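Colleague: TSV, C-alpha atoms, saved as upload-v9.tsv, coming up:
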```tsv
chain	number	residue	atom	x	y	z
A	1	MET	CA	-0.79	12.87	-99.89
A	2	LYS	CA	1.81	11.09	-97.76
A	3	LYS	CA	3.46	8.11	-99.40
A	4	ILE	CA	4.46	4.66	-98.19
A	5	LEU	CA	7.08	2.75	-100.17
A	6	ILE	CA	6.47	-1.00	-100.61
A	7	ALA	CA	9.60	-2.83	-101.75
A	8	ASP	CA	8.82	-6.45	-102.62
A	9	ASP	CA	9.29	-8.53	-105.77
A	10	ASN	CA	6.02	-10.44	-105.22
A	11	GLU	CA	3.34	-8.63	-107.21
A	12	ASP	CA	0.48	-10.32	-105.34
A	13	ILE	CA	1.83	-8.99	-102.03
A	14	THR	CA	2.41	-5.47	-103.34
A	15	ASP	CA	-1.13	-5.35	-104.80
A	16	ILE	CA	-2.72	-6.42	-101.52
A	17	LEU	CA	-0.62	-4.08	-99.38
A	18	SER	CA	-1.20	-1.19	-101.80
A	19	ASN	CA	-4.96	-1.58	-101.42
A	20	TYR	CA	-4.77	-1.61	-97.63
A	21	ILE	CA	-2.38	1.34	-97.54
A	22	GLU	CA	-4.62	3.42	-99.79
A	23	ARG	CA	-7.60	2.66	-97.53
A	24	GLU	CA	-5.57	4.21	-94.70
A	25	GLY	CA	-5.24	7.42	-96.67
A	26	TYR	CA	-1.68	7.03	-97.96
A	27	GLU	CA	-0.38	6.76	-101.50
A	28	ALA	CA	1.37	3.45	-102.19
A	29	VAL	CA	4.64	3.53	-104.14
A	30	VAL	CA	5.90	0.12	-105.29
A	31	ALA	CA	9.44	-1.06	-106.01
A	32	MET	CA	10.11	-4.56	-107.36
A	33	ASP	CA	13.85	-4.71	-106.57
A	34	GLY	CA	16.39	-3.10	-104.28
A	35	GLU	CA	17.81	-0.67	-106.82
A	36	GLU	CA	14.34	0.64	-107.65
A	37	ALA	CA	13.57	0.91	-103.93
A	38	LEU	CA	16.53	3.24	-103.36
A	39	ARG	CA	15.69	5.30	-106.44
A	40	LEU	CA	12.03	5.70	-105.45
A	41	PHE	CA	12.99	6.48	-101.87
A	42	GLU	CA	14.99	9.48	-103.09
A	43	GLN	CA	12.39	10.48	-105.65
A	44	GLU	CA	9.15	10.06	-103.67
A	45	GLN	CA	10.26	10.87	-100.09
A	46	PRO	CA	7.98	8.32	-98.37
A	47	VAL	CA	7.02	8.63	-94.70
A	48	LEU	CA	7.48	4.87	-94.13
A	49	VAL	CA	9.08	1.92	-95.95
A	50	LEU	CA	7.78	-1.67	-96.01
A	51	LEU	CA	10.91	-3.52	-97.07
A	52	ASP	CA	11.20	-7.15	-98.13
A	53	ILE	CA	14.57	-8.70	-97.31
A	54	MET	CA	14.88	-11.17	-100.22
A	55	MET	CA	14.82	-8.94	-103.31
A	56	PRO	CA	16.64	-8.94	-106.66
A	57	LYS	CA	19.71	-6.77	-107.35
A	58	ILE	CA	20.07	-5.40	-103.79
A	59	ASP	CA	18.67	-7.19	-100.76
A	60	GLY	CA	16.58	-5.50	-98.10
A	61	TYR	CA	19.37	-5.41	-95.52
A	62	GLU	CA	21.57	-3.34	-97.85
A	63	VAL	CA	18.64	-1.09	-98.81
A	64	CYS	CA	17.99	-0.50	-95.11
A	65	ARG	CA	21.66	0.36	-94.50
A	66	GLU	CA	21.69	2.83	-97.41
A	67	ILE	CA	18.49	4.54	-96.23
A	68	ARG	CA	19.84	4.80	-92.69
A	69	LYS	CA	22.90	6.67	-93.93
A	70	LYS	CA	20.68	9.60	-94.85
A	71	SER	CA	17.28	9.26	-93.19
A	72	SER	CA	15.51	8.17	-89.98
A	73	VAL	CA	12.24	7.39	-91.81
A	74	PRO	CA	10.52	4.35	-90.21
A	75	ILE	CA	11.37	1.01	-91.85
A	76	ILE	CA	9.40	-2.21	-91.32
A	77	LEU	CA	11.21	-5.28	-92.64
A	78	VAL	CA	9.12	-8.02	-94.25
A	79	THR	CA	10.79	-11.43	-94.37
A	80	ALA	CA	9.95	-15.04	-95.08
A	81	ARG	CA	12.57	-16.06	-92.57
A	82	GLY	CA	11.78	-16.37	-88.90
A	83	GLU	CA	15.17	-17.02	-87.31
A	84	ASP	CA	15.92	-14.80	-84.32
A	85	PHE	CA	19.38	-13.78	-85.54
A	86	GLU	CA	17.91	-12.40	-88.78
A	87	ARG	CA	15.31	-10.37	-86.89
A	88	VAL	CA	17.99	-9.01	-84.56
A	89	MET	CA	20.22	-8.19	-87.54
A	90	GLY	CA	17.40	-6.17	-89.07
A	91	LEU	CA	16.96	-4.17	-85.87
A	92	ASP	CA	20.73	-3.72	-85.53
A	93	ILE	CA	21.00	-2.06	-88.94
A	94	GLY	CA	18.21	0.38	-88.18
A	95	ALA	CA	14.82	-1.19	-88.86
A	96	ASP	CA	12.00	-0.11	-86.57
A	97	ASP	CA	10.02	-3.35	-86.75
A	98	TYR	CA	9.77	-6.61	-88.66
A	99	ILE	CA	7.01	-8.88	-89.94
A	100	VAL	CA	7.44	-12.55	-90.84
A	101	LYS	CA	5.63	-14.04	-93.84
A	102	PRO	CA	2.99	-15.32	-94.14
A	103	PHE	CA	1.23	-12.37	-92.54
A	104	SER	CA	-2.21	-10.83	-92.35
A	105	PRO	CA	-2.57	-7.47	-94.15
A	106	ASN	CA	-4.47	-6.27	-91.08
A	107	GLU	CA	-1.43	-7.06	-88.93
A	108	VAL	CA	0.80	-5.13	-91.31
A	109	MET	CA	-1.47	-2.09	-91.13
A	110	ALA	CA	-1.67	-2.30	-87.34
A	111	ARG	CA	2.10	-2.11	-87.22
A	112	VAL	CA	2.15	0.73	-89.74
A	113	ARG	CA	-0.34	2.68	-87.60
A	114	ALA	CA	1.70	2.01	-84.47
A	115	VAL	CA	4.90	3.28	-86.09
A	116	MET	CA	3.23	6.31	-87.64
A	117	ARG	CA	1.75	7.34	-84.30
A	118	ARG	CA	5.30	7.74	-83.06
A	119	THR	CA	5.70	11.08	-84.83
A	120	PRO	CA	8.80	13.21	-84.08
A	121	GLY	CA	8.73	14.35	-80.50
A	122	GLU	CA	5.59	12.44	-79.56
A	123	ALA	CA	7.42	10.35	-77.02
A	124	ILE	CA	8.74	13.52	-75.44
A	125	ASN	CA	6.86	15.67	-72.96
A	126	ALA	CA	5.81	18.84	-74.78
A	127	ASP	CA	6.60	20.95	-71.70
A	128	ASN	CA	10.30	20.13	-71.97
A	129	ASP	CA	12.74	22.39	-73.76
A	130	LYS	CA	13.85	21.21	-77.16
A	131	ILE	CA	17.57	21.26	-76.36
A	132	MET	CA	19.23	19.14	-73.70
A	133	GLN	CA	22.82	19.78	-72.64
A	134	ILE	CA	24.63	17.36	-70.36
A	135	SER	CA	28.39	17.76	-70.09
A	136	ASN	CA	29.63	17.48	-73.71
A	137	LEU	CA	26.36	15.98	-74.98
A	138	THR	CA	23.81	18.10	-76.85
A	139	ILE	CA	20.46	16.75	-78.05
A	140	ASN	CA	18.36	19.09	-80.22
A	141	LEU	CA	14.76	18.00	-80.80
A	142	GLU	CA	14.02	20.94	-83.09
A	143	GLU	CA	16.54	19.56	-85.58
A	144	TYR	CA	16.65	15.96	-84.32
A	145	THR	CA	20.42	16.09	-84.01
A	146	ALA	CA	22.93	14.86	-81.45
A	147	LYS	CA	26.45	16.10	-80.77
A	148	ILE	CA	29.25	15.06	-78.47
A	149	GLY	CA	31.47	18.11	-78.22
A	150	ASP	CA	31.59	19.52	-81.75
A	151	THR	CA	31.09	16.15	-83.42
A	152	LYS	CA	27.68	15.33	-84.85
A	153	ILE	CA	26.60	11.76	-84.08
A	154	PRO	CA	24.47	10.12	-86.81
A	155	LEU	CA	21.64	8.86	-84.59
A	156	THR	CA	18.26	7.74	-85.87
A	157	LYS	CA	15.00	9.28	-84.65
A	158	LYS	CA	14.45	6.44	-82.18
A	159	GLU	CA	18.01	6.64	-80.88
A	160	ILE	CA	17.69	10.39	-80.27
A	161	GLU	CA	14.43	9.85	-78.41
A	162	THR	CA	16.11	7.15	-76.33
A	163	MET	CA	18.93	9.52	-75.41
A	164	TRP	CA	16.42	12.25	-74.57
A	165	ILE	CA	14.27	10.09	-72.29
A	166	LEU	CA	17.27	8.64	-70.46
A	167	GLY	CA	19.13	11.96	-70.28
A	168	GLN	CA	16.12	13.85	-68.93
A	169	ASN	CA	16.08	11.40	-66.03
A	170	PRO	CA	19.74	11.05	-65.03
A	171	ASN	CA	20.63	8.10	-62.79
A	172	LYS	CA	17.04	6.80	-62.97
A	173	VAL	CA	16.76	3.15	-63.94
A	174	PHE	CA	14.34	2.38	-66.79
A	175	THR	CA	13.20	-1.20	-67.23
A	176	ARG	CA	13.17	-2.59	-70.75
A	177	ASP	CA	9.37	-2.58	-70.61
A	178	ASN	CA	9.41	1.11	-69.61
A	179	LEU	CA	11.51	1.99	-72.65
A	180	LEU	CA	9.53	-0.27	-74.96
A	181	ASP	CA	6.27	1.43	-73.95
A	182	SER	CA	7.71	4.96	-74.02
A	183	LEU	CA	9.44	4.68	-77.37
A	184	TRP	CA	7.38	2.17	-79.35
A	185	GLY	CA	3.97	2.41	-77.69
A	186	PHE	CA	1.82	0.06	-75.65
A	187	ASP	CA	0.49	-1.67	-78.78
A	188	TYR	CA	3.93	-2.52	-80.15
A	189	TYR	CA	4.22	-6.18	-81.16
A	190	GLY	CA	7.91	-6.61	-80.43
A	191	ASP	CA	9.64	-7.70	-77.24
A	192	THR	CA	12.33	-6.39	-74.91
A	193	ARG	CA	15.10	-7.67	-77.20
A	194	THR	CA	14.17	-4.72	-79.42
A	195	VAL	CA	15.33	-2.37	-76.63
A	196	ASP	CA	18.60	-4.27	-76.16
A	197	SER	CA	19.30	-4.16	-79.88
A	198	HIS	CA	18.72	-0.42	-80.13
A	199	ILE	CA	20.80	0.33	-77.02
A	200	LYS	CA	23.64	-1.76	-78.46
A	201	ARG	CA	23.56	0.17	-81.74
A	202	LEU	CA	23.25	3.49	-79.91
A	203	ARG	CA	26.28	2.76	-77.72
A	204	ALA	CA	28.35	1.76	-80.74
A	205	LYS	CA	27.77	5.24	-82.19
A	206	ILE	CA	28.24	7.39	-79.09
A	207	ASP	CA	31.27	5.45	-77.85
A	208	LYS	CA	33.26	6.58	-80.88
A	209	GLU	CA	33.65	9.90	-79.03
A	210	GLU	CA	34.97	10.49	-75.52
A	211	HIS	CA	32.32	11.12	-72.85
A	212	PRO	CA	33.96	10.34	-69.49
A	213	GLN	CA	31.36	12.19	-67.36
A	214	TRP	CA	28.30	10.25	-68.55
A	215	ARG	CA	27.36	6.86	-69.95
A	216	ILE	CA	24.42	4.57	-70.68
A	217	LYS	CA	24.79	1.89	-68.04
A	218	THR	CA	23.23	-1.57	-68.05
A	219	ILE	CA	21.54	-2.58	-64.82
A	220	TRP	CA	21.65	-6.33	-65.18
A	221	GLY	CA	18.29	-8.05	-64.91
A	222	VAL	CA	16.47	-4.70	-64.87
A	223	GLY	CA	17.24	-2.28	-67.70
A	224	TYR	CA	19.28	0.86	-68.36
A	225	LYS	CA	20.07	4.27	-66.95
A	226	PHE	CA	21.85	7.44	-68.03
A	227	GLU	CA	24.62	7.64	-65.43
A	228	ILE	CA	26.26	10.97	-64.66
A	229	ASP	CA	29.33	11.38	-62.49
A	230	GLU	CA	28.53	13.69	-59.59
```
Since I need it in another form, could you write the structure as structure tokens?

Modeller:
Amino acid sequence: MKKILIADDNEDITDILSNYIEREGYEAVVAMDGEEALRLFEQEQPVLVLLDIMMPKIDGYEVCREIRKKSSVPIILVTARGEDFERVMGLDIGADDYIVKPFSPNEVMARVRAVMRRTPGEAINADNDKIMQISNLTINLEEYTAKIGDTKIPLTKKEIETMWILGQNPNKVFTRDNLLDSLWGFDYYGDTRTVDSHIKRLRAKIDKEEHPQWRIKTIWGVGYKFEIDE
């Protein structure tokens, strides 16, 4: 049975979420602090993490960073704070979504279902090849890897899918809504700032290597495109 890790130091919340998760057909694994969350993540190999930010020992931001060093498993941050900069920070360090307390368990499960529907490759047309080569860029969907030249770029699942969708349509402008729908689904609860945050993090990674013949270009007031020099 597939497992979902719930990391929260509030036992009432973990009990409620565990019940809802088990009704969905998953096994709930519970961690009461950040250290335990990292240990159980390695031990149990969950398919999704519900991660509270304010936890003992190690906070949720640091847990998210540590998970992202080794895995692209979906992470939904759960926080009692509603400030925009904290939500953006969570997305910048690799979270796929966030929920602000107090929340409805049904809302949490709707978001879990939305994230889980985005299985590897789902956002990609099945008729396409699994390897895309553009200049010195290589995206491999069989292995979910990205390289610039001989250097492997540590992109998350969502970042690789973003590169694939943009790269398969060179010089075509995608609006933020286009990308939001393609990558997160029509029932995603976030907004277009999610796209901007992910593009920012993606650029920070790919721009560490030289790629003079292509770039992700911002079209101000519209969206983004994968620009290739003719």

Colleague: To one decimal in Å, tell me the separation between atom CA of A:Thr145 and atom CA of A:Ile160.

Modeller: 7.3 Å

Colleague: I'd like to know which of A:Val222, A:Ile99, A:Leu166, A:Leu179 is closest to A:Leu51, using only C-alpha atoms.

Modeller: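 Going through A:Val222, A:Ile99, A:Leu166, A:Leu179 one by one, the smallest distance to A:Leu51 is for A:Ile99.
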
Colleague: Would you give the centre and edge lengths, in Å to one decimal, of a box along x, y and z around the listed atoms of stretch 154-159 of chain A, with 6 Å added to each side, as lines of an AutoDock Vina configuration file?

Modeller:
```
center_x = 19.5
center_y = 8.3
center_z = -83.8
size_x = 22.0
size_y = 15.7
size_z = 17.9
```

Colleague: Give the answer as one residue: which of A:Gly34, A:Pro212, A:Pro46, A:Pro102 has the shortest atom-to-atom distance to A:Val63, using only C-alpha atoms?

Modeller: A:Gly34

Colleague: Find the residues near A:Tyr224: any atom within 8 Å, counting all atoms listed in the file, skip ones fewer than 2 places away on the same chain, and give them as number ranges by chain.

Modeller: A: 173-176, 216-219, 222, 226

Colleague: Could you write out that same residue set with C-alpha atoms as an mmCIF file, keeping the file's coordinate frame?

Modeller:
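Saved the output as result-v2.cif:
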```cif
data_model
loop_
_atom_site.group_PDB
_atom_site.id
_atom_site.type_symbol
_atom_site.label_atom_id
_atom_site.label_comp_id
_atom_site.auth_asym_id
_atom_site.auth_seq_id
_atom_site.Cartn_x
_atom_site.Cartn_y
_atom_site.Cartn_z
ATOM 1 C CA VAL A 173 16.760 3.150 -63.940
ATOM 2 C CA PHE A 174 14.340 2.380 -66.790
ATOM 3 C CA THR A 175 13.200 -1.200 -67.230
ATOM 4 C CA ARG A 176 13.170 -2.590 -70.750
ATOM 5 C CA ILE A 216 24.420 4.570 -70.680
ATOM 6 C CA LYS A 217 24.790 1.890 -68.040
ATOM 7 C CA THR A 218 23.230 -1.570 -68.050
ATOM 8 C CA ILE A 219 21.540 -2.580 -64.820
ATOM 9 C CA VAL A 222 16.470 -4.700 -64.870
ATOM 10 C CA PHE A 226 21.850 7.440 -68.030
#
```

Colleague: With distances taken over all atoms listed in the file, which residue among A:Gly60, A:Asn106, A:Leu77, A:Ala7 lies nearest A:Glu24?

Modeller: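 With all atoms listed in the file as the atom set, the closest residue is A:Asn106.
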
Colleague: Using all atoms listed in the file, find the one residue out of A:Val47, A:Ile58, A:Ile53, A:Met163 that sits nearest to A:Asn140.

Modeller: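 Of A:Val47, A:Ile58, A:Ile53, A:Met163, the one nearest A:Asn140 is A:Met163, counting all atoms listed in the file.
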
Colleague: Could you tell me how far atom CA of A:Asp15 lies from atom CA of A:Val112, in Å and to one decimal?

Modeller: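 According to the coordinates, atom CA of A:Asp15 and atom CA of A:Val112 are separated by 16.6 Å.
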
Colleague: Residues within 10 Å of A:Val108, please, as an NGL selection string. Count all atoms listed in the file; anything in the same chain fewer than 2 positions from it doesn't count.

Modeller: :A and (17 or 20-21 or 50 or 76 or 78 or 98-100 or 103-106 or 110-114)

Colleague: I need the chosen residues saved as a short mmCIF file (atom, residue, chain, number, x, y, z; two decimals), in the frame of the given file, with C-alpha atoms.

Modeller:
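Output below, filename part.cif:
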```cif
data_model
loop_
_atom_site.label_atom_id
_atom_site.label_comp_id
_atom_site.auth_asym_id
_atom_site.auth_seq_id
_atom_site.Cartn_x
_atom_site.Cartn_y
_atom_site.Cartn_z
CA LEU A 17 -0.62 -4.08 -99.38
CA TYR A 20 -4.77 -1.61 -97.63
CA ILE A 21 -2.38 1.34 -97.54
CA LEU A 50 7.78 -1.67 -96.01
CA ILE A 76 9.40 -2.21 -91.32
CA VAL A 78 9.12 -8.02 -94.25
CA TYR A 98 9.77 -6.61 -88.66
CA ILE A 99 7.01 -8.88 -89.94
CA VAL A 100 7.44 -12.55 -90.84
CA PHE A 103 1.23 -12.37 -92.54
CA SER A 104 -2.21 -10.83 -92.35
CA PRO A 105 -2.57 -7.47 -94.15
CA ASN A 106 -4.47 -6.27 -91.08
CA ALA A 110 -1.67 -2.30 -87.34
CA ARG A 111 2.10 -2.11 -87.22
CA VAL A 112 2.15 0.73 -89.74
CA ARG A 113 -0.34 2.68 -87.60
CA ALA A 114 1.70 2.01 -84.47
#
```

Colleague: With all atoms listed in the file as the atoms that count, which of A:Lys225, A:Ile4, A:Ala80, A:Lys200 lies nearest to A:Ile93?

Modeller: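 Checking each candidate against A:Ile93, we get A:Lys200 as the closest.
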
Colleague: Env of A:Lys70: 12 Å cut, atoms = only C-alpha atoms, seq-sep filter 2 positions within chain, self excluded. Answer as a list of chain:residue names.

Modeller: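 The residues that qualify are A:Leu38, A:Phe41, A:Glu42, A:Gln45, A:Val63, A:Cys64, A:Arg65, A:Glu66, A:Ile67, A:Arg68, A:Ser72, A:Val73, A:Gly94, A:Pro154, A:Leu155, A:Thr156, A:Lys157.
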
Colleague: Would you pick out the contacts of A:Glu143 at 10 Å or less, using all atoms listed in the file, so that residues sharing its chain but fewer than 4 positions from it are not included, and give the list as number ranges by chain?

Modeller: A: 130-131, 139

Colleague: With all atoms listed in the file as the basis for distance, which of A:Met32, A:Ile13, A:Ile206, A:Ile6 is at the shortest distance from A:Val49?

Modeller: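 When distances to A:Val49 are compared using all atoms listed in the file, the smallest one comes from A:Ile6.
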
Colleague: Would you compute the distance between atom CA of A:Asn169 and atom CA of A:Asp96? Give it in Å to one decimal.

Modeller: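 If I compute the distance from atom CA of A:Asn169 to atom CA of A:Asp96, I get 23.9 Å.
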